[in-house]
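Chemist: Here's a structure for you.
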Amino acid sequence: MAYTFRGGTHVREYKYTSKCPIEKMAAPDTVYIPLSQHIGAMCTPLVKVGDSVLRGQKIGDVEGGLGCPVHSSVSGKVTEIREVPTPTGQKNKYVVIENDHLDTVSPDVRPFGKAIQDTTTEEIIEVIRRAGISGMGGATFPTYAKISSAIDKVDCMIINCAECEPFITANHRLLLEQPEAVVNGAKILMKALKLRLAHLAVEDNKFDAILALDDVVDGSPLFKVSVMKTKYPQGDERQLIYAITGREIPQGKLPADVGCVVFNAETCAAVYKAFSLGMPLIERIVTASGDCLDTPKNLLVPIGTPYSAIADFCGGYIEEPEKIINGGPMMGMAQWDVDAPVTKGTSAVLFLSKKMNSRYEQPESCIRCGRCVRACPMHLMPNYIAAYARKHDPENAESYGALSCVECGSCAYNCPAHIPIVQYIKVAKSEIRDAKAKK
Amino acid sequence: MKNDQNVSTRIVAPSLLTVSPSPHIKKGITTRGIMIDVVIALLPALVWSIYVFGFRSLSVVLVSVASCVIFEVLFELIARKPITVLDFSAVVSGVLLGFNMPATVPLWIPIVGGAFAMIVVKGLFGGLGKNIVNPILAARVFLFSWTDIINTFSEPFSSLPIFSFSVDSADIVASATPLSPMKEGMLPDNSLVDMVLGTKSGCLGEVSGLLIAVGGIYLLARRVITWHIPVAYIGTVMLITFLFPMAGEDAVQFMLYQTFSGGLILGAVFMATDYVTSPITEMGKLIFGVGCGLLTVFIRYFGGYPEGVSFAILIMNLLVGYIDKFTKPKRFGGVTKDAK
């Protein structure tokens, strides 16, 4: 029996690229490296306009507090440090680097050179921080901070290979092509947290990946390949932890509070690279897909590559894209700029045409069909929260659990009346917070 | 690859893209699709009613549909609201309204019923999704004002005029529905096979329990409805009539006669499952179904009318808001199991 959870929904998979091997994409002439790519503070730039930088060189860091350094993904010259608005209206800064195409690697990049069993937790945390690794599933929480906060609190580690979002096949290909990188990275993380067992959680629609992992694990007692039922949002860490351990994370708490820690598969691979090669996180696997691309592909992309370069590399458009999405279609963020760059959290870039988009359907009255209630993985009544949000009634919205909503979109995906339920709940959440701030 | 050389035909992305909140894809279910599924599910019973009562029943149903659609549009025009006729909910209402009257009614009855359902019960409460009680059942109860007309049932396979506005009472071979003798403590003359298949007198859409159930299975397969309300409702009626039979030699026989009489199956499958006027949660649906079942048997046993389905569902409709509140699901993370 595959592990699963109550609620959720079967989304159409659109996994066009599951058979496409990862292709290495050459770095473009110009890369735009955002100084804020993680949860936490924005980095202070360590380079100025006109400086020469090398591949893997640190170009920004956070002094104290939560945050990760960022590194140059090419060698070349800094031409500009540009301030840009993000899709959510905040400010970000890009370090614009002109690529000299020499790929000169920074002398800072060198293997860790010490056996893992002789390494202390502190050393592992330090290497991971120095490599700028943050959660690569999309939430981009700095990995070193996750480890620090989990020390001595967790007894269960889960490597998230569920990949429940439609379109995305980046983890799937990683598991097929480099399963040993994932497993070795997981071993390093287990050593840091002094754990003896990690679950490798894979949805049952990736049977070949399950076999590949089984091969690498080869009966080792350190790993258990846990087969998950294919259902959205199985990759949400709350649902993953519940499915495997039966523990529910209370609202506002973290996995460590129920003794669990979850790492994305590619994060593990990045940890392994940081130890074996010393290479910081400067490239990642991105699924470039959507109905507008001529040839959807899985790509190994340097951080900072603009989406437009990815579209060109995939044969250009066969239809005019109306939305470009960073991440999956259920929770990903629509971008306003075709030249927005790939960041450490970009598991996919989707180019969707008008006909894929849902926003042209006019919302109708709620007919109380209950599909949102059945689909909610947090067991809320999204229709009621949306209705109270519409009336600007934060008190009732909160009593129906608005703050527990994880914005997975299962409700709106299934709504026959095309009500933008998630949008309403977001409004309710901010009004609840405003009302609390006033008190 | 497309003709890359020909730059003029190359598609480029707009320099400013559309930004909107996730999710960016949808399953593609629509209210209209759901309503059309309900209409499809009603067709077997409609075909059966034409077989039993002749094409007069089709006339009654078509007049009901036209009445519901026209009065909904008229109301929306006068109230200056968006015209929602394309969601097909008025068509579903129309078919069900027709199903709830005998084939003998004069055609002004479905017209009046449609007006009452669409304007008073649905429109004035705010339209689709806002009405508190089931419009069709409310209209049916309203039409009880013309008791003689609405309770004149004809014998199966008696020929009725197809088009004429009203049916001459001399042409009607009147017949009591099976519920009337049961009210008096006797089993009806119909055989159990007649009861299940629907060769008996009654409202035109409710006679064939079998074909209504076929429609119900279609709705279940299409995931339009869930099993909770029909099973809880019919199950409750079966259990109580089995435990407390009022007629016949054995309890099982009485239970089956009760189950296939009147509007029980039509009500349980198509009326009590109306989204707008039934609870949202699964637990709520079970409570609602049991409540409908209890009230139905209570009215059939002790009430003034032989039939209680309409009243039972209408009364339970009024409690839906409270049932929803009472059965709010336990939130994920509400209680931690095995927390450290």
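In the structure tokens, the first chain shown is A, the next is B, and so on; residue numbers restart at 1 for each chain, and ligands run from 1 in the order shown.
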Enumerate, as a ChimeraX atom specification, the complete set of residues in segment 74-278 of chain B that a backbone-based DSSP assignment places in alpha helix (DSSP H).
Modeler: /B:74-78,89-99,108-115,135-143,147-150,179-183,192-197,209-221,228-243,251-259,264-266
Chemist: What would the file look like if the residues just selected were written as a PDB file, in the first residue's frame with C-alpha atoms?
Modeler:
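Generated file (out.pdb):
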```
ATOM      1  CA  LEU B  74     -37.735  37.511 -16.851  1.00  0.00           C
ATOM      2  CA  PHE B  75     -36.833  37.909 -13.210  1.00  0.00           C
ATOM      3  CA  GLU B  76     -33.192  38.580 -14.020  1.00  0.00           C
ATOM      4  CA  LEU B  77     -34.173  41.131 -16.657  1.00  0.00           C
ATOM      5  CA  ILE B  78     -36.462  42.978 -14.269  1.00  0.00           C
ATOM      6  CA  SER B  89     -29.826  25.061 -13.570  1.00  0.00           C
ATOM      7  CA  ALA B  90     -33.267  26.289 -14.632  1.00  0.00           C
ATOM      8  CA  VAL B  91     -33.508  23.376 -17.066  1.00  0.00           C
ATOM      9  CA  VAL B  92     -32.776  20.908 -14.265  1.00  0.00           C
ATOM     10  CA  SER B  93     -35.398  22.646 -12.128  1.00  0.00           C
ATOM     11  CA  GLY B  94     -37.880  22.450 -14.977  1.00  0.00           C
ATOM     12  CA  VAL B  95     -37.452  18.722 -15.545  1.00  0.00           C
ATOM     13  CA  LEU B  96     -37.736  18.023 -11.830  1.00  0.00           C
ATOM     14  CA  LEU B  97     -40.809  20.241 -11.531  1.00  0.00           C
ATOM     15  CA  GLY B  98     -42.477  18.247 -14.285  1.00  0.00           C
ATOM     16  CA  PHE B  99     -41.441  15.013 -12.597  1.00  0.00           C
ATOM     17  CA  TRP B 108     -51.200  26.143 -16.306  1.00  0.00           C
ATOM     18  CA  ILE B 109     -50.088  24.161 -13.252  1.00  0.00           C
ATOM     19  CA  PRO B 110     -46.439  23.760 -14.380  1.00  0.00           C
ATOM     20  CA  ILE B 111     -46.465  27.397 -15.504  1.00  0.00           C
ATOM     21  CA  VAL B 112     -47.576  28.627 -12.069  1.00  0.00           C
ATOM     22  CA  GLY B 113     -45.201  26.193 -10.367  1.00  0.00           C
ATOM     23  CA  GLY B 114     -42.244  27.355 -12.459  1.00  0.00           C
ATOM     24  CA  ALA B 115     -42.989  30.996 -11.688  1.00  0.00           C
ATOM     25  CA  PRO B 135     -37.328  25.558  -5.230  1.00  0.00           C
ATOM     26  CA  ILE B 136     -39.041  22.583  -6.838  1.00  0.00           C
ATOM     27  CA  LEU B 137     -40.266  21.070  -3.604  1.00  0.00           C
ATOM     28  CA  ALA B 138     -41.430  24.457  -2.371  1.00  0.00           C
ATOM     29  CA  ALA B 139     -43.329  24.903  -5.636  1.00  0.00           C
ATOM     30  CA  ARG B 140     -44.841  21.433  -5.314  1.00  0.00           C
ATOM     31  CA  VAL B 141     -46.070  22.233  -1.837  1.00  0.00           C
ATOM     32  CA  PHE B 142     -47.383  25.557  -3.107  1.00  0.00           C
ATOM     33  CA  LEU B 143     -49.285  23.673  -5.802  1.00  0.00           C
ATOM     34  CA  THR B 147     -55.253  19.672  -4.061  1.00  0.00           C
ATOM     35  CA  ASP B 148     -57.779  18.063  -6.376  1.00  0.00           C
ATOM     36  CA  ILE B 149     -55.766  18.808  -9.470  1.00  0.00           C
ATOM     37  CA  ILE B 150     -52.370  17.896  -8.103  1.00  0.00           C
ATOM     38  CA  LEU B 179     -49.285   5.064  -0.670  1.00  0.00           C
ATOM     39  CA  SER B 180     -52.991   5.711  -0.080  1.00  0.00           C
ATOM     40  CA  PRO B 181     -53.968   2.134   0.826  1.00  0.00           C
ATOM     41  CA  MET B 182     -50.839   1.797   2.922  1.00  0.00           C
ATOM     42  CA  LYS B 183     -51.964   4.793   4.909  1.00  0.00           C
ATOM     43  CA  LEU B 192     -43.766  -5.687  -6.120  1.00  0.00           C
ATOM     44  CA  VAL B 193     -42.467  -5.931  -9.692  1.00  0.00           C
ATOM     45  CA  ASP B 194     -44.860  -3.137 -10.685  1.00  0.00           C
ATOM     46  CA  MET B 195     -43.606  -1.100  -7.761  1.00  0.00           C
ATOM     47  CA  VAL B 196     -39.935  -1.467  -8.680  1.00  0.00           C
ATOM     48  CA  LEU B 197     -40.318  -1.069 -12.444  1.00  0.00           C
ATOM     49  CA  GLY B 209     -37.519   3.605  -8.754  1.00  0.00           C
ATOM     50  CA  LEU B 210     -35.332   1.394 -10.898  1.00  0.00           C
ATOM     51  CA  LEU B 211     -34.666   3.963 -13.627  1.00  0.00           C
ATOM     52  CA  ILE B 212     -34.189   6.792 -11.138  1.00  0.00           C
ATOM     53  CA  ALA B 213     -31.603   4.624  -9.439  1.00  0.00           C
ATOM     54  CA  VAL B 214     -29.924   4.127 -12.829  1.00  0.00           C
ATOM     55  CA  GLY B 215     -29.696   7.922 -13.118  1.00  0.00           C
ATOM     56  CA  GLY B 216     -28.347   8.063  -9.584  1.00  0.00           C
ATOM     57  CA  ILE B 217     -25.621   5.570 -10.415  1.00  0.00           C
ATOM     58  CA  TYR B 218     -24.677   7.710 -13.411  1.00  0.00           C
ATOM     59  CA  LEU B 219     -24.371  10.746 -11.118  1.00  0.00           C
ATOM     60  CA  LEU B 220     -22.253   8.747  -8.673  1.00  0.00           C
ATOM     61  CA  ALA B 221     -20.004   7.516 -11.468  1.00  0.00           C
ATOM     62  CA  HIS B 228     -24.067   9.761   1.594  1.00  0.00           C
ATOM     63  CA  ILE B 229     -27.479  11.420   1.317  1.00  0.00           C
ATOM     64  CA  PRO B 230     -29.296   8.790  -0.816  1.00  0.00           C
ATOM     65  CA  VAL B 231     -27.963   5.884   1.239  1.00  0.00           C
ATOM     66  CA  ALA B 232     -28.642   7.548   4.603  1.00  0.00           C
ATOM     67  CA  TYR B 233     -32.105   8.666   3.493  1.00  0.00           C
ATOM     68  CA  ILE B 234     -33.345   5.470   1.863  1.00  0.00           C
ATOM     69  CA  GLY B 235     -31.569   3.343   4.475  1.00  0.00           C
ATOM     70  CA  THR B 236     -33.338   5.129   7.318  1.00  0.00           C
ATOM     71  CA  VAL B 237     -36.736   4.717   5.685  1.00  0.00           C
ATOM     72  CA  MET B 238     -36.066   1.023   5.038  1.00  0.00           C
ATOM     73  CA  LEU B 239     -34.899   0.414   8.576  1.00  0.00           C
ATOM     74  CA  ILE B 240     -37.882   2.067  10.260  1.00  0.00           C
ATOM     75  CA  THR B 241     -40.499   0.599   7.970  1.00  0.00           C
ATOM     76  CA  PHE B 242     -38.901  -2.800   8.553  1.00  0.00           C
ATOM     77  CA  LEU B 243     -38.956  -2.380  12.323  1.00  0.00           C
ATOM     78  CA  ALA B 251     -41.946  -6.680   7.425  1.00  0.00           C
ATOM     79  CA  VAL B 252     -39.656  -7.093   4.433  1.00  0.00           C
ATOM     80  CA  GLN B 253     -42.566  -6.875   2.025  1.00  0.00           C
ATOM     81  CA  PHE B 254     -43.915  -3.745   3.696  1.00  0.00           C
ATOM     82  CA  MET B 255     -40.463  -2.211   3.724  1.00  0.00           C
ATOM     83  CA  LEU B 256     -40.034  -2.774  -0.014  1.00  0.00           C
ATOM     84  CA  TYR B 257     -43.485  -1.367  -0.813  1.00  0.00           C
ATOM     85  CA  GLN B 258     -42.686   1.729   1.240  1.00  0.00           C
ATOM     86  CA  THR B 259     -39.285   2.146  -0.391  1.00  0.00           C
ATOM     87  CA  LEU B 264     -38.762   8.547  -1.949  1.00  0.00           C
ATOM     88  CA  ILE B 265     -36.171   7.444  -4.482  1.00  0.00           C
ATOM     89  CA  LEU B 266     -36.588  10.516  -6.687  1.00  0.00           C
TER      90      LEU B 266
END
```
Chemist: Near Leu160 of chain B, counting only C-alpha atoms, which residues have an atom at most 8 Å away, once you skip same-chain residues fewer than 5 positions from it, shown as a list of chain:residue names?
Modeler: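 Near neighbours after the sequence-gap exclusion: B:Phe53, B:Gly54, B:Arg56, B:Thr104, B:Val167, B:Asp171, B:Ile172.
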Chemist: Now that the selection is made, can you save its residues with N, CA and C atoms as an mmCIF file, in the first residue's frame?
Modeler:
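Output saved as result01.cif:
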```cif
data_model
loop_
_atom_site.group_PDB
_atom_site.id
_atom_site.type_symbol
_atom_site.label_atom_id
_atom_site.label_comp_id
_atom_site.auth_asym_id
_atom_site.auth_seq_id
_atom_site.Cartn_x
_atom_site.Cartn_y
_atom_site.Cartn_z
ATOM 1 N N PHE B 53 -47.279 6.903 -19.201
ATOM 2 C CA PHE B 53 -48.380 7.871 -19.228
ATOM 3 C C PHE B 53 -48.569 8.518 -20.593
ATOM 4 N N GLY B 54 -47.800 8.096 -21.584
ATOM 5 C CA GLY B 54 -47.946 8.651 -22.923
ATOM 6 C C GLY B 54 -47.213 9.969 -23.078
ATOM 7 N N ARG B 56 -48.225 12.816 -23.163
ATOM 8 C CA ARG B 56 -48.696 13.907 -22.305
ATOM 9 C C ARG B 56 -47.621 14.260 -21.261
ATOM 10 N N THR B 104 -51.781 14.203 -15.546
ATOM 11 C CA THR B 104 -53.140 14.700 -15.841
ATOM 12 C C THR B 104 -53.296 16.198 -15.634
ATOM 13 N N VAL B 167 -56.917 18.310 -19.244
ATOM 14 C CA VAL B 167 -57.443 16.987 -19.533
ATOM 15 C C VAL B 167 -58.857 16.907 -18.968
ATOM 16 N N ASP B 171 -61.954 11.879 -19.104
ATOM 17 C CA ASP B 171 -60.951 11.038 -19.778
ATOM 18 C C ASP B 171 -60.002 10.364 -18.799
ATOM 19 N N ILE B 172 -60.035 10.797 -17.560
ATOM 20 C CA ILE B 172 -59.063 10.274 -16.612
ATOM 21 C C ILE B 172 -59.606 9.025 -15.935
#
```
Chemist: Give me, as a PyMOL selection string, the contact residues of chain A against chain B at a cut-off of 7 Å, counting only C-alpha atoms.
Modeler: chain A and resi 247-251+257-259+315+317-323+329-338+356-358+365-370+378-380+409+413-417+423
Chemist: Could you write out the selected residues, including C-alpha atoms, as a PDB file, in the first residue's frame?
Modeler:
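This is the output file selection.pdb:
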```
ATOM      1  CA  ARG A 247       2.135  13.162  12.703  1.00  0.00           C
ATOM      2  CA  GLU A 248       0.287  16.414  12.023  1.00  0.00           C
ATOM      3  CA  ILE A 249       2.183  19.691  12.177  1.00  0.00           C
ATOM      4  CA  PRO A 250       0.078  22.168  14.172  1.00  0.00           C
ATOM      5  CA  GLN A 251      -0.724  25.467  12.514  1.00  0.00           C
ATOM      6  CA  ASP A 257       8.241  20.526  16.173  1.00  0.00           C
ATOM      7  CA  VAL A 258       6.905  17.053  15.387  1.00  0.00           C
ATOM      8  CA  GLY A 259      10.369  15.531  15.189  1.00  0.00           C
ATOM      9  CA  GLY A 315      13.214  26.035 -29.930  1.00  0.00           C
ATOM     10  CA  TYR A 317       7.483  29.574 -28.994  1.00  0.00           C
ATOM     11  CA  ILE A 318       4.836  27.803 -30.988  1.00  0.00           C
ATOM     12  CA  GLU A 319       2.224  30.017 -29.407  1.00  0.00           C
ATOM     13  CA  GLU A 320       2.389  33.374 -27.684  1.00  0.00           C
ATOM     14  CA  PRO A 321       2.895  32.874 -23.952  1.00  0.00           C
ATOM     15  CA  GLU A 322       0.534  34.820 -21.800  1.00  0.00           C
ATOM     16  CA  LYS A 323       1.973  33.797 -18.455  1.00  0.00           C
ATOM     17  CA  PRO A 329       1.167  25.639 -12.266  1.00  0.00           C
ATOM     18  CA  MET A 330      -0.546  25.001  -8.923  1.00  0.00           C
ATOM     19  CA  MET A 331       1.619  27.121  -6.624  1.00  0.00           C
ATOM     20  CA  GLY A 332       4.178  28.756  -8.890  1.00  0.00           C
ATOM     21  CA  MET A 333       4.508  32.505  -9.226  1.00  0.00           C
ATOM     22  CA  ALA A 334       3.549  34.265 -12.461  1.00  0.00           C
ATOM     23  CA  GLN A 335       6.344  36.581 -13.576  1.00  0.00           C
ATOM     24  CA  TRP A 336       5.899  39.955 -15.215  1.00  0.00           C
ATOM     25  CA  ASP A 337       9.202  39.974 -17.070  1.00  0.00           C
ATOM     26  CA  VAL A 338      10.338  37.605 -19.851  1.00  0.00           C
ATOM     27  CA  MET A 356      -4.216  27.118 -20.494  1.00  0.00           C
ATOM     28  CA  ASN A 357      -5.032  30.003 -18.235  1.00  0.00           C
ATOM     29  CA  SER A 358      -8.075  30.062 -16.062  1.00  0.00           C
ATOM     30  CA  SER A 365     -22.161  31.930  -7.696  1.00  0.00           C
ATOM     31  CA  CYS A 366     -20.968  29.215  -5.355  1.00  0.00           C
ATOM     32  CA  ILE A 367     -23.334  26.279  -5.726  1.00  0.00           C
ATOM     33  CA  ARG A 368     -22.041  24.630  -2.530  1.00  0.00           C
ATOM     34  CA  CYS A 369     -21.024  21.495  -4.387  1.00  0.00           C
ATOM     35  CA  GLY A 370     -18.388  20.745  -1.737  1.00  0.00           C
ATOM     36  CA  MET A 378      -5.863  20.912   5.481  1.00  0.00           C
ATOM     37  CA  HIS A 379      -9.513  19.857   6.003  1.00  0.00           C
ATOM     38  CA  LEU A 380     -10.904  23.364   5.821  1.00  0.00           C
ATOM     39  CA  GLY A 409      -4.836  25.597  -4.970  1.00  0.00           C
ATOM     40  CA  TYR A 413      -8.543  23.854  -9.319  1.00  0.00           C
ATOM     41  CA  ASN A 414     -11.770  21.936  -8.719  1.00  0.00           C
ATOM     42  CA  CYS A 415     -14.220  24.847  -8.446  1.00  0.00           C
ATOM     43  CA  PRO A 416     -16.953  24.596 -11.098  1.00  0.00           C
ATOM     44  CA  ALA A 417     -17.950  28.215 -10.464  1.00  0.00           C
ATOM     45  CA  GLN A 423      -6.983  34.712  -3.889  1.00  0.00           C
TER      46      GLN A 423
END
```
Chemist: What are the DSSP strand (DSSP E) residues of segment 37-253 of chain A, as a ChimeraX atom specification?
Modeler: /A:44-45,52-53,58-61,70-71,76-85,91-99,156-161,198-203,223-228
Chemist: For Ser57 of chain B, which of B:Val69, B:Glu206, B:Pro188, B:Val120 is the closest residue, counting only C-alpha atoms?
Modeler: B:Glu206
Chemist: Please identify all polymer residues within 12 Å of Tyr388 of chain A, counting only C-alpha atoms, omitting same-chain residues fewer than 3 positions from it, and present them as a PDB file with N, CA and C atoms, in the first residue's frame.
Modeler:
```
ATOM      1  N   MET A 381     -12.952  24.460   5.101  1.00  0.00           N
ATOM      2  CA  MET A 381     -14.097  24.660   4.227  1.00  0.00           C
ATOM      3  C   MET A 381     -13.802  25.923   3.417  1.00  0.00           C
ATOM      4  N   PRO A 382     -13.064  25.758   2.317  1.00  0.00           N
ATOM      5  CA  PRO A 382     -12.592  26.939   1.573  1.00  0.00           C
ATOM      6  C   PRO A 382     -13.728  27.832   1.099  1.00  0.00           C
ATOM      7  N   ASN A 383     -14.894  27.249   0.779  1.00  0.00           N
ATOM      8  CA  ASN A 383     -15.992  28.088   0.288  1.00  0.00           C
ATOM      9  C   ASN A 383     -16.429  29.088   1.345  1.00  0.00           C
ATOM     10  N   TYR A 384     -16.479  28.657   2.605  1.00  0.00           N
ATOM     11  CA  TYR A 384     -16.883  29.585   3.660  1.00  0.00           C
ATOM     12  C   TYR A 384     -15.823  30.666   3.885  1.00  0.00           C
ATOM     13  N   ILE A 385     -14.546  30.262   3.863  1.00  0.00           N
ATOM     14  CA  ILE A 385     -13.491  31.266   4.062  1.00  0.00           C
ATOM     15  C   ILE A 385     -13.557  32.307   2.949  1.00  0.00           C
ATOM     16  N   LYS A 391     -16.741  39.318   2.191  1.00  0.00           N
ATOM     17  CA  LYS A 391     -17.477  40.289   3.010  1.00  0.00           C
ATOM     18  C   LYS A 391     -16.539  41.054   3.927  1.00  0.00           C
ATOM     19  N   HIS A 392     -15.244  40.875   3.774  1.00  0.00           N
ATOM     20  CA  HIS A 392     -14.255  41.528   4.642  1.00  0.00           C
ATOM     21  C   HIS A 392     -14.552  41.261   6.105  1.00  0.00           C
ATOM     22  N   ASP A 393     -14.719  39.991   6.409  1.00  0.00           N
ATOM     23  CA  ASP A 393     -15.035  39.579   7.777  1.00  0.00           C
ATOM     24  C   ASP A 393     -13.892  38.683   8.285  1.00  0.00           C
ATOM     25  N   PRO A 394     -12.785  39.301   8.699  1.00  0.00           N
ATOM     26  CA  PRO A 394     -11.622  38.486   9.074  1.00  0.00           C
ATOM     27  C   PRO A 394     -11.896  37.574  10.273  1.00  0.00           C
ATOM     28  N   GLU A 395     -12.780  38.005  11.154  1.00  0.00           N
ATOM     29  CA  GLU A 395     -13.026  37.210  12.355  1.00  0.00           C
ATOM     30  C   GLU A 395     -13.586  35.828  12.009  1.00  0.00           C
ATOM     31  N   ASN A 396     -14.627  35.828  11.172  1.00  0.00           N
ATOM     32  CA  ASN A 396     -15.210  34.549  10.777  1.00  0.00           C
ATOM     33  C   ASN A 396     -14.282  33.760   9.870  1.00  0.00           C
ATOM     34  N   ALA A 397     -13.551  34.471   9.004  1.00  0.00           N
ATOM     35  CA  ALA A 397     -12.605  33.769   8.129  1.00  0.00           C
ATOM     36  C   ALA A 397     -11.597  33.014   8.982  1.00  0.00           C
ATOM     37  N   GLU A 398     -11.154  33.638  10.051  1.00  0.00           N
ATOM     38  CA  GLU A 398     -10.176  32.969  10.909  1.00  0.00           C
ATOM     39  C   GLU A 398     -10.804  31.786  11.634  1.00  0.00           C
ATOM     40  N   SER A 399     -12.071  31.951  12.046  1.00  0.00           N
ATOM     41  CA  SER A 399     -12.701  30.843  12.766  1.00  0.00           C
ATOM     42  C   SER A 399     -12.873  29.633  11.853  1.00  0.00           C
ATOM     43  N   TYR A 400     -12.903  29.848  10.544  1.00  0.00           N
ATOM     44  CA  TYR A 400     -12.948  28.725   9.609  1.00  0.00           C
ATOM     45  C   TYR A 400     -11.543  28.282   9.191  1.00  0.00           C
ATOM     46  N   GLY A 401     -10.517  28.784   9.860  1.00  0.00           N
ATOM     47  CA  GLY A 401      -9.171  28.252   9.662  1.00  0.00           C
ATOM     48  C   GLY A 401      -8.393  28.867   8.512  1.00  0.00           C
ATOM     49  N   ALA A 402      -8.694  30.119   8.154  1.00  0.00           N
ATOM     50  CA  ALA A 402      -7.990  30.729   7.022  1.00  0.00           C
ATOM     51  C   ALA A 402      -6.474  30.649   7.188  1.00  0.00           C
ATOM     52  N   ILE A 421     -10.680  31.076  -5.219  1.00  0.00           N
ATOM     53  CA  ILE A 421     -10.762  30.849  -3.774  1.00  0.00           C
ATOM     54  C   ILE A 421      -9.439  31.209  -3.091  1.00  0.00           C
ATOM     55  N   TYR A 424      -9.034  34.860  -2.594  1.00  0.00           N
ATOM     56  CA  TYR A 424      -9.862  35.347  -1.493  1.00  0.00           C
ATOM     57  C   TYR A 424      -9.227  34.999  -0.147  1.00  0.00           C
ATOM     58  N   ILE A 425      -8.694  33.774  -0.034  1.00  0.00           N
ATOM     59  CA  ILE A 425      -8.125  33.381   1.251  1.00  0.00           C
ATOM     60  C   ILE A 425      -6.880  34.204   1.548  1.00  0.00           C
ATOM     61  N   LYS A 426      -6.104  34.528   0.505  1.00  0.00           N
ATOM     62  CA  LYS A 426      -4.945  35.396   0.728  1.00  0.00           C
ATOM     63  C   LYS A 426      -5.389  36.750   1.280  1.00  0.00           C
ATOM     64  N   VAL A 427      -6.480  37.263   0.714  1.00  0.00           N
ATOM     65  CA  VAL A 427      -7.010  38.538   1.208  1.00  0.00           C
ATOM     66  C   VAL A 427      -7.409  38.379   2.678  1.00  0.00           C
ATOM     67  N   ALA A 428      -8.121  37.286   2.972  1.00  0.00           N
ATOM     68  CA  ALA A 428      -8.561  37.057   4.352  1.00  0.00           C
ATOM     69  C   ALA A 428      -7.361  36.997   5.287  1.00  0.00           C
ATOM     70  N   LYS A 429      -6.300  36.290   4.875  1.00  0.00           N
ATOM     71  CA  LYS A 429      -5.126  36.177   5.740  1.00  0.00           C
ATOM     72  C   LYS A 429      -4.531  37.546   6.049  1.00  0.00           C
ATOM     73  N   GLU A 431      -6.007  40.389   5.962  1.00  0.00           N
ATOM     74  CA  GLU A 431      -6.914  41.181   6.812  1.00  0.00           C
ATOM     75  C   GLU A 431      -6.897  40.682   8.256  1.00  0.00           C
ATOM     76  N   ILE A 432      -6.747  39.350   8.419  1.00  0.00           N
ATOM     77  CA  ILE A 432      -6.646  38.814   9.783  1.00  0.00           C
ATOM     78  C   ILE A 432      -5.394  39.370  10.454  1.00  0.00           C
TER      79      ILE A 432
END
```
Chemist: I need the residue nearest Met283 of chain B from this list: B:Phe165, B:Phe116, B:Trp227, B:Phe55. Use only C-alpha atoms for the distance.
Modeler: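 Closest to Met283 of chain B of all the choices is B:Trp227.
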Chemist: What lies within 10 Å of Asp61 of chain A using only C-alpha atoms, ignoring chain neighbours under 3 positions off, as a ChimeraX atom specification?
Modeler: /A:35-36,41-46,58,64,67-71,130,132
Chemist: For the selection you just gave me, I'd like the residues written to a file as a short mmCIF file (atom, residue, chain, number, x, y, z; two decimals), in the first residue's frame, keeping N, CA and C atoms.
Modeler:
```cif
data_model
loop_
_atom_site.label_atom_id
_atom_site.label_comp_id
_atom_site.auth_asym_id
_atom_site.auth_seq_id
_atom_site.Cartn_x
_atom_site.Cartn_y
_atom_site.Cartn_z
N LEU A 35 20.08 39.09 -5.62
CA LEU A 35 20.72 39.09 -4.31
C LEU A 35 19.78 38.55 -3.24
N SER A 36 18.49 38.46 -3.57
CA SER A 36 17.56 37.84 -2.63
C SER A 36 16.96 36.63 -3.34
N ALA A 41 17.13 37.60 4.85
CA ALA A 41 17.51 38.94 4.42
C ALA A 41 18.15 38.91 3.03
N MET A 42 18.09 40.07 2.34
CA MET A 42 18.75 40.20 1.05
C MET A 42 20.26 40.30 1.28
N CYS A 43 21.05 39.74 0.32
CA CYS A 43 22.50 39.80 0.46
C CYS A 43 23.00 41.21 0.18
N THR A 44 24.11 41.55 0.82
CA THR A 44 24.83 42.77 0.47
C THR A 44 25.81 42.40 -0.63
N PRO A 45 25.84 43.17 -1.71
CA PRO A 45 26.77 42.81 -2.78
C PRO A 45 28.22 42.94 -2.31
N LEU A 46 29.06 41.99 -2.71
CA LEU A 46 30.48 42.03 -2.37
C LEU A 46 31.32 42.46 -3.56
N LYS A 58 31.98 34.06 -4.53
CA LYS A 58 30.89 34.64 -3.74
C LYS A 58 30.73 36.10 -4.13
N GLY A 64 25.15 38.10 9.46
CA GLY A 64 24.30 37.77 10.59
C GLY A 64 22.86 37.59 10.16
N GLY A 67 19.91 33.84 6.13
CA GLY A 67 20.19 34.16 4.73
C GLY A 67 21.34 33.32 4.22
N CYS A 68 21.51 33.31 2.91
CA CYS A 68 22.54 32.51 2.27
C CYS A 68 23.38 33.41 1.36
N PRO A 69 24.65 33.08 1.20
CA PRO A 69 25.43 33.82 0.20
C PRO A 69 24.99 33.45 -1.21
N VAL A 70 25.28 34.32 -2.18
CA VAL A 70 25.06 33.97 -3.59
C VAL A 70 26.39 34.02 -4.32
N HIS A 71 26.49 33.24 -5.38
CA HIS A 71 27.75 33.10 -6.11
C HIS A 71 27.53 33.36 -7.58
N ARG A 130 28.29 27.97 3.33
CA ARG A 130 29.23 28.59 2.40
C ARG A 130 28.83 28.32 0.95
N GLY A 132 25.93 28.23 -0.15
CA GLY A 132 24.71 28.98 -0.49
C GLY A 132 23.51 28.08 -0.79
#
```
